[in-house]
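Novice: Before we start, here is the structure in question, set down as C-alpha cells.
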Amino acid sequence: MARSKVKRDPIPKHFKNVEEASEFWDSHDLADYWDLTREAHFEVAIQRRVFLTALEPTLAKTLTTLAHKQGVSTETLINVWLTEKAKEAA
C-alpha cells in the first residue's frame, strides 16, 4: 500500500537558538519528518553549576509541597519563579 504524502512545513536550515528550535518542534510532529532523519553520533560535555542558598525550613517545606502539586521538582519551581521575578525587576 502506497504511503500518503503528509503536507508539512519545511524544517528551517538554521535555528537562531534553542528556544526557536523548541517552538518549532512543539508545534510539529517528528513522525511527519522521520524520512528526513539520519543517525547521528556526538558527545556532550554538560557542566552544571550548583549554587546553594539557605531557605527558612517552613518556606522550603511549602515550596516542596507546591512543586509536588504542580508535578515538578522543587528546584524547577524555584528557578521558574525566580526567573519570572528577575524579569519583572529588570
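Residues are referred to by chain and number: the chain letter is A, B, ... according to the order shown in the C-alpha cells, the number counts from 1 in that chain, and ligands are numbered separately from 1 in the order shown.
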I need the helix (DSSP H, G or I) residues of segment 3-90 of chain A per DSSP on the backbone, written as a count of residues only.
Specialist: 46
Novice: Using only C-alpha atoms, determine which residues lie at most 9 Å from Thr65 of chain A, disregarding the query and same-chain residues fewer than 5 positions distant; provide the list as a ChimeraX atom specification.
Specialist: /A:60,70,74
Novice: Would you mind listing what lies within 12 Å of Asp29 of chain A as a list in words, with only C-alpha atoms counted and same-chain residues fewer than 6 positions away left out?
Specialist: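 Answer for this query is Val6, Lys7, Arg8, Asp9, Ile11, Ser22 and Glu23 of chain A.
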Novice: Store the residues picked out above, limited to C-alpha atoms, as a PDB file, in the first residue's frame.
Specialist:
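selection-v5.pdb, freshly written:
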ATOM      1  CA  VAL A   6       1.956  14.359   4.513  1.00  0.00           C
ATOM      2  CA  LYS A   7       1.784  18.112   3.955  1.00  0.00           C
ATOM      3  CA  ARG A   8       4.435  19.594   6.200  1.00  0.00           C
ATOM      4  CA  ASP A   9       6.297  22.823   6.802  1.00  0.00           C
ATOM      5  CA  ILE A  11      12.390  22.333   8.699  1.00  0.00           C
ATOM      6  CA  SER A  22      11.884  24.123  20.682  1.00  0.00           C
ATOM      7  CA  GLU A  23       8.987  26.248  19.420  1.00  0.00           C
TER       8      GLU A  23
END
Novice: State, in Å with one decimal place, the distance from atom CA of Glu39 of chain A to atom CA of Ala21 of chain A.
Specialist: 18.8 Å
Novice: In Å, with one decimal, what is the gap from atom CA of Gln47 of chain A to atom CA of Glu19 of chain A?
Specialist: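 Calculated distance between atom CA of Gln47 of chain A and atom CA of Glu19 of chain A is 19.6 Å.
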Novice: Let me make sure I understand: among A:Pro10, A:Thr64, A:Ala90, A:Arg49, which one has the smallest atom-to-atom distance to Phe24 of chain A if we use only C-alpha atoms?
Specialist: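 Closest to Phe24 of chain A, using only C-alpha atoms: A:Pro10.
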Novice: For segment 79-88 of chain A, list every protein, DNA or RNA residue within 12 Å, evaluated using only C-alpha atoms, and leave out those in the same chain fewer than 6 positions away; present the list as number ranges by chain.
Specialist: A: 50-51, 63, 66-67, 72-73
